[in-house]
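Dropping entry-v8.pdb in here (PDB, C-alpha atoms and all ligand atoms):
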```
ATOM      1  CA  MET K 262       8.417  14.346   2.886
ATOM      2  CA  ARG K 263      10.908  17.180   2.544
ATOM      3  CA  ILE K 264      14.054  15.091   2.956
ATOM      4  CA  ALA K 265      12.778  12.334   0.619
ATOM      5  CA  GLU K 266      15.433  12.827  -2.046
ATOM      6  CA  THR K 267      18.297  12.529   0.409
ATOM      7  CA  VAL K 268      17.798   8.753   0.469
ATOM      8  CA  THR K 269      20.619   6.676  -1.073
ATOM      9  CA  PHE K 270      20.180   6.556  -4.902
ATOM     10  CA  GLY K 271      17.585   9.346  -4.606
ATOM     11  CA  ALA K 272      19.471  12.354  -5.965
ATOM     12  CA  GLY K 273      17.526  12.618  -9.224
ATOM     13  CA  ARG K 274      20.048  14.988 -10.790
ATOM     14  CA  LEU K 275      21.190  13.009 -13.823
ATOM     15  CA  GLN K 276      20.412  14.875 -17.059
ATOM     16  CA  ARG K 277      19.194  11.905 -19.050
ATOM     17  CA  ALA K 278      18.846  13.862 -22.307
ATOM     18  CA  ALA K 279      16.256  11.431 -23.644
ATOM     19  CA  HIS K 280      15.872  13.536 -26.803
ATOM     20  CA  LEU K 281      19.409  12.487 -27.812
ATOM     21  CA  ARG K 282      18.859   8.747 -27.521
ATOM     22  CA  ALA K 283      18.088   8.193 -31.198
ATOM     23  CA  GLU K 284      21.542   9.529 -32.074
ATOM     24  CA  PRO K 285      23.547  10.059 -28.900
ATOM     25  CA  PRO K 286      26.716  12.185 -29.011
ATOM     26  CA  VAL K 287      30.015  10.298 -28.778
ATOM     27  CA  GLU K 288      32.638  13.045 -28.820
ATOM     28  CA  ASP K 289      34.458  13.477 -25.484
ATOM     29  CA  ALA K 290      32.441  10.617 -24.031
ATOM     30  CA  LEU K 291      33.079   9.361 -20.526
ATOM     31  CA  VAL K 292      32.522   5.680 -19.884
ATOM     32  CA  LEU K 293      31.705   3.806 -16.690
ATOM     33  CA  PRO K 294      32.626   0.131 -17.116
ATOM     34  CA  LEU K 295      30.614  -2.472 -15.182
ATOM     35  CA  TRP K 296      31.715  -6.054 -14.795
ATOM     36  CA  ARG K 297      28.922  -8.537 -13.962
ATOM     37  CA  GLY K 298      26.920  -5.735 -12.360
ATOM     38  CA  LYS K 299      29.834  -4.261 -10.423
ATOM     39  CA  PRO K 300      30.804  -0.671 -11.301
ATOM     40  CA  LEU K 301      34.449   0.380 -11.609
ATOM     41  CA  LEU K 302      35.121   2.438  -8.470
ATOM     42  CA  SER K 303      38.106   4.168  -6.944
ATOM     43  CA  GLU K 304      38.397   5.484  -3.397
ATOM     44  CA  GLU K 305      36.915   8.762  -4.641
ATOM     45  CA  GLY K 306      33.908   7.218  -6.369
ATOM     46  CA  ILE K 307      33.101   6.270  -9.951
ATOM     47  CA  SER K 308      36.154   5.715 -12.175
ATOM     48  CA  TRP K 309      35.120   7.509 -15.369
ATOM     49  CA  LEU K 310      37.272   6.629 -18.348
ATOM     50  CA  ASP K 311      37.913   8.361 -21.605
ATOM     51  CA  GLY K 312      35.658   6.472 -24.021
ATOM     52  CA  ALA K 313      38.469   6.055 -26.530
ATOM     53  CA  ILE K 314      40.740   4.054 -24.218
ATOM     54  CA  VAL K 315      38.558   1.453 -22.476
ATOM     55  CA  PRO K 316      40.478  -1.730 -23.313
ATOM     56  CA  VAL K 317      37.504  -4.112 -23.007
ATOM     57  CA  GLU K 318      34.661  -4.256 -25.525
ATOM     58  CA  GLY K 319      31.010  -4.668 -24.622
ATOM     59  CA  PRO K 320      27.536  -3.225 -25.172
ATOM     60  CA  GLU K 321      27.108   0.406 -24.182
ATOM     61  CA  VAL K 322      24.133   2.422 -22.944
ATOM     62  CA  PHE K 323      23.797   6.207 -22.959
ATOM     63  CA  LEU K 324      23.218   7.532 -19.426
ATOM     64  CA  GLY K 325      22.977  11.243 -20.173
ATOM     65  CA  VAL K 326      25.050  14.409 -20.352
ATOM     66  CA  GLU K 327      27.013  16.237 -17.687
ATOM     67  CA  ASP K 328      29.085  19.399 -18.168
ATOM     68  CA  GLY K 329      28.654  19.020 -21.910
ATOM     69  CA  ARG K 330      30.117  15.495 -21.964
ATOM     70  CA  PRO K 331      28.064  12.433 -22.852
ATOM     71  CA  LEU K 332      28.116   9.661 -20.258
ATOM     72  CA  TYR K 333      27.943   5.975 -21.083
ATOM     73  CA  ALA K 334      27.993   2.713 -19.176
ATOM     74  CA  ARG K 335      29.672  -0.282 -20.789
ATOM     75  CA  ASP K 336      29.125  -3.920 -19.868
ATOM     76  CA  VAL K 337      32.602  -5.492 -19.759
ATOM     77  CA  SER K 338      31.404  -8.785 -18.278
ATOM     78  CA  GLY K 339      33.224 -10.603 -21.077
ATOM     79  CA  TRP K 340      36.533  -9.952 -19.309
ATOM     80  CA  GLU K 341      37.781 -13.108 -17.605
ATOM     81  CA  PRO K 342      39.893 -12.415 -14.499
ATOM     82  CA  ASP K 343      42.382 -15.091 -13.449
ATOM     83  CA  ASP K 344      40.368 -15.854 -10.355
ATOM     84  CA  VAL K 345      36.620 -15.415  -9.843
ATOM     85  CA  PRO K 346      35.618 -16.142  -6.227
ATOM     86  CA  ASP K 347      32.336 -17.913  -5.464
ATOM     87  CA  SER K 348      30.978 -14.716  -3.877
ATOM     88  CA  VAL K 349      30.582 -13.021  -7.280
ATOM     89  CA  GLY K 350      26.856 -12.877  -7.934
ATOM     90  CA  ALA K 351      25.943 -13.658  -4.317
ATOM     91  CA  PHE K 352      23.826 -11.348  -2.120
ATOM     92  CA  LEU K 353      26.888  -9.827  -0.493
ATOM     93  CA  ASP K 354      30.067  -9.975  -2.525
ATOM     94  CA  PRO K 355      33.055  -8.489  -0.681
ATOM     95  CA  SER K 356      35.495  -9.363  -3.474
ATOM     96  CA  GLU K 357      36.879  -6.723  -5.825
ATOM     97  CA  GLN K 358      38.347  -7.343  -9.276
ATOM     98  CA  VAL K 359      41.258  -5.318 -10.635
ATOM     99  CA  HIS K 360      41.765  -5.172 -14.395
ATOM    100  CA  PRO K 361      45.417  -4.441 -15.259
ATOM    101  CA  GLY K 362      44.410  -1.778 -17.797
ATOM    102  CA  LEU K 363      41.850   0.050 -15.655
ATOM    103  CA  PRO K 364      42.120   2.351 -12.619
ATOM    104  CA  GLY K 365      40.222   1.300  -9.505
ATOM    105  CA  ALA K 366      38.390  -1.986  -8.995
ATOM    106  CA  PHE K 367      35.050  -3.572  -9.807
ATOM    107  CA  ALA K 368      33.149  -3.480  -6.518
ATOM    108  CA  GLU K 369      29.677  -4.546  -5.405
ATOM    109  CA  LEU K 370      27.398  -1.506  -5.320
ATOM    110  CA  ARG K 371      25.520  -2.764  -2.257
ATOM    111  CA  ALA K 372      28.767  -2.715  -0.290
ATOM    112  CA  ARG K 373      29.862   0.724  -1.465
ATOM    113  CA  MET K 374      26.621   2.662  -1.984
ATOM    114  CA  THR K 375      26.711   4.666   1.250
ATOM    115  CA  ARG K 376      30.256   5.879   0.533
ATOM    116  CA  LEU K 377      29.398   7.335  -2.885
ATOM    117  CA  THR K 378      28.276  10.905  -3.480
ATOM    118  CA  PRO K 379      24.547  11.219  -4.319
ATOM    119  CA  ARG K 380      25.556  11.930  -7.935
ATOM    120  CA  ASP K 381      27.769   8.868  -8.264
ATOM    121  CA  ALA K 382      25.261   6.651  -6.469
ATOM    122  CA  GLU K 383      22.509   7.678  -8.872
ATOM    123  CA  MET K 384      24.662   7.104 -11.947
ATOM    124  CA  ALA K 385      25.963   3.754 -10.750
ATOM    125  CA  ALA K 386      22.429   2.600  -9.901
ATOM    126  CA  THR K 387      21.090   3.684 -13.292
ATOM    127  CA  ALA K 388      23.939   1.954 -15.114
ATOM    128  CA  LYS K 389      23.615  -1.258 -13.111
ATOM    129  CA  ALA K 390      19.845  -1.468 -13.535
ATOM    130  CA  LEU K 391      19.925  -0.756 -17.264
ATOM    131  CA  LEU K 392      22.800  -3.092 -18.131
ATOM    132  CA  GLY K 393      21.290  -5.774 -15.896
ATOM    133  CA  TRP K 394      18.046  -5.530 -17.838
ATOM    134  CA  HIS K 395      19.822  -6.002 -21.177
ATOM    135  CA  ALA K 396      21.760  -8.980 -19.846
ATOM    136  CA  THR K 397      18.575 -10.776 -18.766
ATOM    137  CA  HIS K 398      16.092  -9.695 -21.473
ATOM    138  CA  ARG K 399      17.773 -10.696 -24.712
ATOM    139  CA  PHE K 400      14.774 -12.435 -26.260
ATOM    140  CA  CYS K 401      11.396 -11.143 -27.367
ATOM    141  CA  ALA K 402       8.704 -11.713 -24.755
ATOM    142  CA  ARG K 403       6.121 -11.900 -27.552
ATOM    143  CA  CYS K 404       7.693 -14.243 -30.128
ATOM    144  CA  GLY K 405      10.951 -15.524 -28.617
ATOM    145  CA  GLU K 406      13.292 -14.086 -31.254
ATOM    146  CA  ARG K 407      16.597 -12.534 -30.205
ATOM    147  CA  THR K 408      16.133  -8.757 -29.820
ATOM    148  CA  ASP K 409      18.457  -5.813 -30.548
ATOM    149  CA  MET K 410      19.371  -2.866 -28.356
ATOM    150  CA  ALA K 411      17.832   0.413 -29.579
ATOM    151  CA  GLU K 412      17.512   4.046 -28.443
ATOM    152  CA  ALA K 413      21.032   3.997 -26.994
ATOM    153  CA  GLY K 414      20.035   1.271 -24.560
ATOM    154  CA  TRP K 415      16.588   2.481 -23.485
ATOM    155  CA  GLN K 416      14.715  -0.043 -25.637
ATOM    156  CA  ARG K 417      15.060  -3.472 -27.172
ATOM    157  CA  ARG K 418      13.395  -4.163 -30.496
ATOM    158  CA  CYS K 419      12.389  -7.434 -32.060
ATOM    159  CA  PRO K 420      13.448  -7.831 -35.717
ATOM    160  CA  ALA K 421      10.902 -10.625 -36.257
ATOM    161  CA  CYS K 422       7.632  -9.225 -34.888
ATOM    162  CA  GLY K 423       8.490  -5.541 -34.422
ATOM    163  CA  ALA K 424       7.729  -5.483 -30.676
ATOM    164  CA  ARG K 425       9.411  -2.811 -28.583
ATOM    165  CA  HIS K 426      10.506  -3.671 -25.064
ATOM    166  CA  PHE K 427      11.304  -1.108 -22.382
ATOM    167  CA  PRO K 428      13.590  -1.341 -19.340
ATOM    168  CA  ARG K 429      11.746  -2.934 -16.487
ATOM    169  CA  THR K 430      11.141  -1.362 -13.079
ATOM    170  CA  ASP K 431       9.298  -3.374 -10.448
ATOM    171  CA  PRO K 432       7.345  -1.336  -7.868
ATOM    172  CA  VAL K 433       7.713  -2.507  -4.271
ATOM    173  CA  VAL K 434       5.871  -0.940  -1.346
ATOM    174  CA  ILE K 435       7.770  -0.684   1.922
ATOM    175  CA  MET K 436       5.799   0.571   4.839
ATOM    176  CA  LEU K 437       6.275   2.382   8.074
ATOM    177  CA  ILE K 438       3.292   1.018   9.980
ATOM    178  CA  THR K 439       2.757   2.875  13.215
ATOM    179  CA  GLN K 440       0.342   2.919  16.073
ATOM    180  CA  ASP K 441       0.690   5.570  18.740
ATOM    181  CA  ASN K 442       4.309   5.430  19.803
ATOM    182  CA  SER K 443       5.293   2.183  18.080
ATOM    183  CA  VAL K 444       6.404   0.944  14.674
ATOM    184  CA  LEU K 445       5.922  -2.510  13.156
ATOM    185  CA  VAL K 446       9.090  -4.350  12.074
ATOM    186  CA  GLY K 447       9.694  -7.873  10.872
ATOM    187  CA  ARG K 448      12.380 -10.244   9.697
ATOM    188  CA  SER K 449      12.340 -12.598   6.746
ATOM    189  CA  PRO K 450      13.539 -16.195   6.878
ATOM    190  CA  GLY K 451      17.239 -16.415   6.132
ATOM    191  CA  TRP K 452      18.200 -12.922   7.267
ATOM    192  CA  PRO K 453      21.257 -12.538   9.510
ATOM    193  CA  ASP K 454      20.410 -13.003  13.193
ATOM    194  CA  GLY K 455      18.730 -10.053  14.874
ATOM    195  CA  ILE K 456      18.111  -7.889  11.819
ATOM    196  CA  TYR K 457      14.616  -6.413  11.626
ATOM    197  CA  SER K 458      13.272  -4.099   8.928
ATOM    198  CA  LEU K 459      10.046  -2.601   7.660
ATOM    199  CA  LEU K 460       7.609  -4.931   5.907
ATOM    200  CA  ALA K 461       7.666  -4.777   2.112
ATOM    201  CA  GLY K 462       6.188  -6.469  -0.929
ATOM    202  CA  PHE K 463       5.675  -6.233  -4.678
ATOM    203  CA  VAL K 464       2.742  -4.253  -5.993
ATOM    204  CA  GLU K 465       0.474  -6.592  -7.963
ATOM    205  CA  PRO K 466      -1.248  -5.896 -11.288
ATOM    206  CA  GLY K 467      -4.457  -3.954 -10.816
ATOM    207  CA  GLU K 468      -3.484  -2.714  -7.376
ATOM    208  CA  THR K 469      -2.953   0.778  -5.974
ATOM    209  CA  LEU K 470      -0.019   1.507  -3.675
ATOM    210  CA  GLU K 471      -2.450   1.924  -0.786
ATOM    211  CA  ALA K 472      -4.090  -1.434  -1.441
ATOM    212  CA  ALA K 473      -0.696  -3.133  -1.757
ATOM    213  CA  VAL K 474       0.396  -1.734   1.624
ATOM    214  CA  ARG K 475      -2.798  -2.946   3.327
ATOM    215  CA  ARG K 476      -2.687  -6.375   1.664
ATOM    216  CA  GLU K 477       0.970  -7.072   2.432
ATOM    217  CA  VAL K 478       0.703  -6.075   6.094
ATOM    218  CA  LEU K 479      -2.466  -8.101   6.553
ATOM    219  CA  GLU K 480      -0.999 -11.137   4.768
ATOM    220  CA  GLU K 481       2.368 -11.109   6.495
ATOM    221  CA  ALA K 482       1.541  -9.886  10.003
ATOM    222  CA  GLY K 483      -2.257 -10.075  10.270
ATOM    223  CA  VAL K 484      -2.426  -6.371  11.084
ATOM    224  CA  SER K 485      -5.212  -4.262   9.576
ATOM    225  CA  VAL K 486      -4.110  -0.857   8.237
ATOM    226  CA  GLY K 487      -6.242   2.270   7.816
ATOM    227  CA  GLU K 488      -5.010   5.453   6.174
ATOM    228  CA  VAL K 489      -1.932   5.129   3.931
ATOM    229  CA  THR K 490       0.204   8.044   2.705
ATOM    230  CA  TYR K 491       3.259   8.284   0.446
ATOM    231  CA  LEU K 492       6.606   9.272   1.959
ATOM    232  CA  ALA K 493       9.576   8.716  -0.384
ATOM    233  CA  SER K 494      10.884   6.436  -3.123
ATOM    234  CA  GLN K 495      14.226   4.796  -3.824
ATOM    235  CA  PRO K 496      15.549   3.226  -7.025
ATOM    236  CA  TRP K 497      16.962  -0.129  -5.916
ATOM    237  CA  PRO K 498      18.939  -1.782  -8.717
ATOM    238  CA  PHE K 499      19.131  -5.266  -7.151
ATOM    239  CA  PRO K 500      18.097  -5.962  -9.834
ATOM    240  CA  SER K 501      15.314  -3.572 -10.861
ATOM    241  CA  SER K 502      13.059  -2.405  -8.047
ATOM    242  CA  LEU K 503      11.591   0.948  -7.178
ATOM    243  CA  MET K 504      11.032   0.999  -3.424
ATOM    244  CA  ILE K 505       7.984   3.119  -2.582
ATOM    245  CA  GLY K 506       8.029   4.176   1.044
ATOM    246  CA  CYS K 507       4.594   4.653   2.588
ATOM    247  CA  ARG K 508       3.213   5.291   6.002
ATOM    248  CA  GLY K 509       0.201   3.431   7.337
ATOM    249  CA  GLU K 510      -1.779   3.663  10.526
ATOM    250  CA  ALA K 511      -2.465   0.293  12.127
ATOM    251  CA  ARG K 512      -5.964  -0.413  13.442
ATOM    252  CA  GLY K 513      -4.737  -2.841  16.071
ATOM    253  CA  ARG K 514      -1.606  -4.319  17.598
ATOM    254  CA  GLU K 515      -2.247  -8.035  17.525
ATOM    255  CA  ILE K 516       0.184  -9.841  15.203
ATOM    256  CA  THR K 517      -0.599 -13.084  13.360
ATOM    257  CA  LEU K 518       2.496 -14.196  11.441
ATOM    258  CA  ASP K 519       2.593 -15.786   8.027
ATOM    259  CA  PRO K 520       5.520 -18.139   8.742
ATOM    260  CA  VAL K 521       6.353 -18.491   5.039
ATOM    261  CA  GLU K 522       6.925 -14.737   4.653
ATOM    262  CA  LEU K 523       8.224 -13.800   8.089
ATOM    263  CA  ASP K 524      10.271 -15.392  10.844
ATOM    264  CA  ASP K 525       9.066 -12.786  13.299
ATOM    265  CA  ALA K 526       7.338  -9.428  13.561
ATOM    266  CA  ARG K 527       7.086  -7.114  16.540
ATOM    267  CA  TRP K 528       6.252  -3.604  17.632
ATOM    268  CA  LEU K 529       9.119  -1.341  18.651
ATOM    269  CA  SER K 530       8.514   1.759  20.748
ATOM    270  CA  ARG K 531      10.386   4.959  19.935
ATOM    271  CA  GLU K 532      12.640   4.332  22.904
ATOM    272  CA  GLU K 533      13.426   0.811  21.698
ATOM    273  CA  THR K 534      14.033   2.068  18.149
ATOM    274  CA  ALA K 535      16.530   4.596  19.512
ATOM    275  CA  ASP K 536      18.269   1.733  21.302
ATOM    276  CA  VAL K 537      18.357  -0.262  18.046
ATOM    277  CA  PHE K 538      20.114   2.597  16.239
ATOM    278  CA  ALA K 539      22.469   3.107  19.180
ATOM    279  CA  GLY K 540      23.366  -0.589  19.083
ATOM    280  CA  THR K 541      22.173  -1.114  22.654
ATOM    281  CA  HIS K 542      18.954  -3.041  22.023
ATOM    282  CA  PRO K 543      19.279  -6.559  23.506
ATOM    283  CA  ASP K 544      18.027  -8.500  20.471
ATOM    284  CA  VAL K 545      17.212  -6.241  17.506
ATOM    285  CA  LEU K 546      19.709  -4.986  14.919
ATOM    286  CA  PRO K 547      18.809  -2.197  12.468
ATOM    287  CA  ALA K 548      18.189  -2.489   8.733
ATOM    288  CA  ARG K 549      21.252  -2.099   6.529
ATOM    289  CA  PRO K 550      22.715   1.398   5.926
ATOM    290  CA  GLY K 551      21.573   2.792   2.579
ATOM    291  CA  ALA K 552      18.267   0.917   2.612
ATOM    292  CA  ILE K 553      15.108   3.035   2.587
ATOM    293  CA  ALA K 554      13.807   1.064   5.578
ATOM    294  CA  ARG K 555      16.568   2.459   7.730
ATOM    295  CA  PHE K 556      16.078   5.922   6.251
ATOM    296  CA  LEU K 557      12.348   5.918   7.069
ATOM    297  CA  LEU K 558      12.836   4.508  10.568
ATOM    298  CA  HIS K 559      15.455   7.121  11.265
ATOM    299  CA  ALA K 560      13.219   9.908   9.942
ATOM    300  CA  TRP K 561      10.316   8.674  12.071
ATOM    301  CA  LEU K 562      12.518   8.653  15.144
ATOM    302  CA  ALA K 563      13.815  12.157  14.371
ATOM    303  CA  ASP K 564      10.309  13.473  13.603
ATOM    304  CA  ARG K 565      11.312  14.245  10.002
ATOM    305  CA  LEU K 566       8.427  12.628   8.101
ATOM    306  CA  ASP K 567       6.922  16.020   7.225
TER     307      ASP K 567
HETATM  308 ZN    ZN T 601       9.197 -10.616 -31.362
END
```
Here is a file; write its structure as structure tokens.
Amino acid sequence: MRIAETVTFGAGRLQRAAHLRAEPPVEDALVLPLWRGKPLLSEEGISWLDGAIVPVEGPEVFLGVEDGRPLYARDVSGWEPDDVPDSVGAFLDPSEQVHPGLPGAFAELRARMTRLTPRDAEMAATAKALLGWHATHRFCARCGERTDMAEAGWQRRCPACGARHFPRTDPVVIMLITQDNSVLVGRSPGWPDGIYSLLAGFVEPGETLEAAVRREVLEEAGVSVGEVTYLASQPWPFPSSLMIGCRGEARGREITLDPVELDDARWLSREETADVFAGTHPDVLPARPGAIARFLLHAWLADRLD
């Protein structure tokens, strides 16, 4: 798919400079602070700070190098604002936190991702995913001992048993299932009223992407799928997924719902899908901007899957 890398978080331009991770450069470093998973953003995008002046301490990870300057992300979650609303940590957190010594505000990436440049979106996603992994994987999965950050944040090592642990990425298939002029969409329990999206699910151990697509669609909607092809992927740091967009050809149209997984599933014609995007469909709302589901549906409608 030629436009694959135009998806949100899909830029792929960050020079990660993995060969420098054993001893990353610190001179002229730029630092992106994140507070409880929320990057420091201004109206223009990421608020990069001179590494020497960030007034809050915290663990740092080396993101890469740009224009000769090393880039780091620092977890400043230890900062305690006067007021922390209940929305912090929730699925959608509209609140922003302003630190008196820092420019900009800590803002939820999900709310701001479509307003960032591809470069900033990629860096913020990388920083959020990596720092989130450290925050939730502090102990050795083999022996239970507390582990230490290594390789400038790209590993954790266990001082007791010597195990090395690597940042986790969970593959998720998300599929554009079509038949003739229609596409299969569904909605999960608990979603806001009217929102429909493409079906998706985690890839299981021992499974190919193709098999995962066929299994998920059969399990959730009772629809049998034939040929499956890859379209595009999207890093999705909520907290650590890689969305793998695939296309599958349905062998039939009859839907049998798994009520645990889905509230509803239905076929939408091209004409109906156009109405959904135009906001004129009577009872279907589109997937959220920035999500690969919306990107793939839009590309299908525009005949841009090539
Ligand atoms: Zn261990």
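If you count all atoms listed in the file and draw a sphere of 12 Å around (13.9, 16.7, 0.8), the protein and nucleic acid residues inside it come out as Met262, Arg263, Ile264, Ala265, Glu266, Thr267, Val268, Gly271, Ala272, Gly273, Leu492, Ala493, Ser494, Ala560, Arg565, Leu566 and Asp567 of chain K.
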Inset, instruction - Enumerate residues in contact with ligand ZN 601 (chain T): an atom-to-atom distance of at most 7 Å, counting only C-alpha atoms and all ligand atoms. Format the result as number ranges by chain. - result: K: 401-406, 419-424
Legend entry - atom CA of K:Leu295 to atom CA of K:Phe367, distance in Å rounded to a single decimal: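 The value is 7.1 Å.
Of the residues listed (K:Leu353, K:Val322, K:Ala278, K:Leu332), K:Val322 shows the shortest atom-to-atom separation from K:Trp394; distances use all atoms listed in the file.
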Inset, instruction - Up to 12 Å from (22.8, 8.6, -12.1) in the file's coordinates: name the residues, counting all atoms listed in the file, as a count of residues only. - result: 36
Inset, instruction - Carefully work through the PyMOL selection byres (((chain K and resi 482) around 8) and not hetatm) for this structure and note down the residues it includes, as a VMD selection string. - result: chain K and resid 478 to 481 483 to 484 516 to 519 523 526
Inset, instruction - List the neighbours of K:Ala283 out to 12 Å using only C-alpha atoms; skip same-chain residues closer than 3 positions along the sequence, and give me the result as a list in words. - result: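 Everything that qualifies: Ala278, Ala279, His280, Pro286, Val322, Phe323, Met410, Ala411, Glu412, Ala413, Gly414, Trp415 and Gln416 of chain K.
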Selected residues written out, C-alpha atoms, as a PDB file, in the coordinates of the input:
```pdb
ATOM      1  CA  ALA K 278      18.846  13.862 -22.307  1.00  0.00           C
ATOM      2  CA  ALA K 279      16.256  11.431 -23.644  1.00  0.00           C
ATOM      3  CA  HIS K 280      15.872  13.536 -26.803  1.00  0.00           C
ATOM      4  CA  PRO K 286      26.716  12.185 -29.011  1.00  0.00           C
ATOM      5  CA  VAL K 322      24.133   2.422 -22.944  1.00  0.00           C
ATOM      6  CA  PHE K 323      23.797   6.207 -22.959  1.00  0.00           C
ATOM      7  CA  MET K 410      19.371  -2.866 -28.356  1.00  0.00           C
ATOM      8  CA  ALA K 411      17.832   0.413 -29.579  1.00  0.00           C
ATOM      9  CA  GLU K 412      17.512   4.046 -28.443  1.00  0.00           C
ATOM     10  CA  ALA K 413      21.032   3.997 -26.994  1.00  0.00           C
ATOM     11  CA  GLY K 414      20.035   1.271 -24.560  1.00  0.00           C
ATOM     12  CA  TRP K 415      16.588   2.481 -23.485  1.00  0.00           C
ATOM     13  CA  GLN K 416      14.715  -0.043 -25.637  1.00  0.00           C
TER      14      GLN K 416
END
```
Build an axis-aligned box that encloses every atom of stretch 446-452 of chain K listed in the file, pad it by 8 Å on each side, and report its centre and edge lengths in Å to one decimal, as JSON.
```
{"center_x": 13.6, "center_y": -10.4, "center_z": 9.1, "size_x": 25.1, "size_y": 28.1, "size_z": 21.9}
```
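Between atom CA of K:Gln495 and atom CA of K:Phe538 the interatomic distance comes to 21.0 Å.
The coordinates place atom CA of K:Leu459 at 4.8 Å from atom CA of K:Val446.
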Inset, instruction - Kindly resolve the PyMOL selection byres (((chain K and resi 438) around 7) and not hetatm) on the present coordinates and return the residues as a PyMOL selection string. - result: chain K and resi 436-437+439+444-445+508-511
Inset, instruction - Quick one: apply the PyMOL selection byres (((chain K and resi 431) around 6) and not hetatm) to the file and drop the selected residues here as a list in words. - result: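 Evaluating the PyMOL selection byres (((chain K and resi 431) around 6) and not hetatm) on these coordinates yields Thr430, Pro432, Ser502 and Leu503 of chain K.
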Inset, instruction - Rank nothing, just name the residue among K:Pro364, K:Ala313, K:Gly350, K:Glu522 nearest to K:Pro450, using only C-alpha atoms. - result: K:Glu522
Legend entry - Counting all atoms listed in the file, the option among K:Val434, K:Arg376, K:Arg399, K:Gly506 closest to K:Val474: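 Looking only at the distances to K:Val474, the closest residue turns out to be K:Val434.
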Legend entry - Spatial neighbours of K:Asp289, 10 Å, all atoms listed in the file, chain gap at least 6 places, as a list in words: Asp311, Gly312, Ala313, Gly329, Arg330, Pro331 and Leu332 of chain K
Mind filling out stretch 327-338 of chain K with N, CA, C and O atoms and sending it as a PDB file, keeping the file's coordinate frame?
```pdb
ATOM      1  N   GLU K 327      26.643  15.388 -18.817  1.00  0.00           N
ATOM      2  CA  GLU K 327      27.013  16.237 -17.687  1.00  0.00           C
ATOM      3  C   GLU K 327      28.176  17.134 -18.101  1.00  0.00           C
ATOM      4  O   GLU K 327      29.147  16.656 -18.685  1.00  0.00           O
ATOM      5  N   ASP K 328      28.064  18.414 -17.789  1.00  0.00           N
ATOM      6  CA  ASP K 328      29.085  19.399 -18.168  1.00  0.00           C
ATOM      7  C   ASP K 328      29.432  19.301 -19.646  1.00  0.00           C
ATOM      8  O   ASP K 328      30.606  19.413 -20.033  1.00  0.00           O
ATOM      9  N   GLY K 329      28.440  19.071 -20.478  1.00  0.00           N
ATOM     10  CA  GLY K 329      28.654  19.020 -21.910  1.00  0.00           C
ATOM     11  C   GLY K 329      29.240  17.720 -22.419  1.00  0.00           C
ATOM     12  O   GLY K 329      29.450  17.564 -23.627  1.00  0.00           O
ATOM     13  N   ARG K 330      29.510  16.756 -21.528  1.00  0.00           N
ATOM     14  CA  ARG K 330      30.117  15.495 -21.964  1.00  0.00           C
ATOM     15  C   ARG K 330      29.105  14.356 -21.850  1.00  0.00           C
ATOM     16  O   ARG K 330      28.449  14.197 -20.803  1.00  0.00           O
ATOM     17  N   PRO K 331      28.974  13.576 -22.929  1.00  0.00           N
ATOM     18  CA  PRO K 331      28.064  12.433 -22.852  1.00  0.00           C
ATOM     19  C   PRO K 331      28.620  11.334 -21.935  1.00  0.00           C
ATOM     20  O   PRO K 331      29.834  11.109 -21.900  1.00  0.00           O
ATOM     21  N   LEU K 332      27.731  10.709 -21.200  1.00  0.00           N
ATOM     22  CA  LEU K 332      28.116   9.661 -20.258  1.00  0.00           C
ATOM     23  C   LEU K 332      27.532   8.321 -20.714  1.00  0.00           C
ATOM     24  O   LEU K 332      26.349   8.243 -21.054  1.00  0.00           O
ATOM     25  N   TYR K 333      28.373   7.316 -20.695  1.00  0.00           N
ATOM     26  CA  TYR K 333      27.943   5.975 -21.083  1.00  0.00           C
ATOM     27  C   TYR K 333      28.309   4.968 -19.993  1.00  0.00           C
ATOM     28  O   TYR K 333      29.229   5.203 -19.198  1.00  0.00           O
ATOM     29  N   ALA K 334      27.583   3.868 -19.979  1.00  0.00           N
ATOM     30  CA  ALA K 334      27.993   2.713 -19.176  1.00  0.00           C
ATOM     31  C   ALA K 334      28.251   1.563 -20.140  1.00  0.00           C
ATOM     32  O   ALA K 334      27.500   1.372 -21.095  1.00  0.00           O
ATOM     33  N   ARG K 335      29.330   0.829 -19.906  1.00  0.00           N
ATOM     34  CA  ARG K 335      29.672  -0.282 -20.789  1.00  0.00           C
ATOM     35  C   ARG K 335      29.738  -1.585 -19.989  1.00  0.00           C
ATOM     36  O   ARG K 335      30.376  -1.638 -18.934  1.00  0.00           O
ATOM     37  N   ASP K 336      29.099  -2.606 -20.516  1.00  0.00           N
ATOM     38  CA  ASP K 336      29.125  -3.920 -19.868  1.00  0.00           C
ATOM     39  C   ASP K 336      30.376  -4.667 -20.322  1.00  0.00           C
ATOM     40  O   ASP K 336      30.450  -5.110 -21.461  1.00  0.00           O
ATOM     41  N   VAL K 337      31.345  -4.806 -19.414  1.00  0.00           N
ATOM     42  CA  VAL K 337      32.602  -5.492 -19.759  1.00  0.00           C
ATOM     43  C   VAL K 337      32.657  -6.877 -19.104  1.00  0.00           C
ATOM     44  O   VAL K 337      33.729  -7.384 -18.773  1.00  0.00           O
ATOM     45  N   SER K 338      31.477  -7.475 -18.946  1.00  0.00           N
ATOM     46  CA  SER K 338      31.404  -8.785 -18.278  1.00  0.00           C
ATOM     47  C   SER K 338      32.152  -9.874 -19.026  1.00  0.00           C
ATOM     48  O   SER K 338      32.424 -10.948 -18.459  1.00  0.00           O
TER      49      SER K 338
END
```
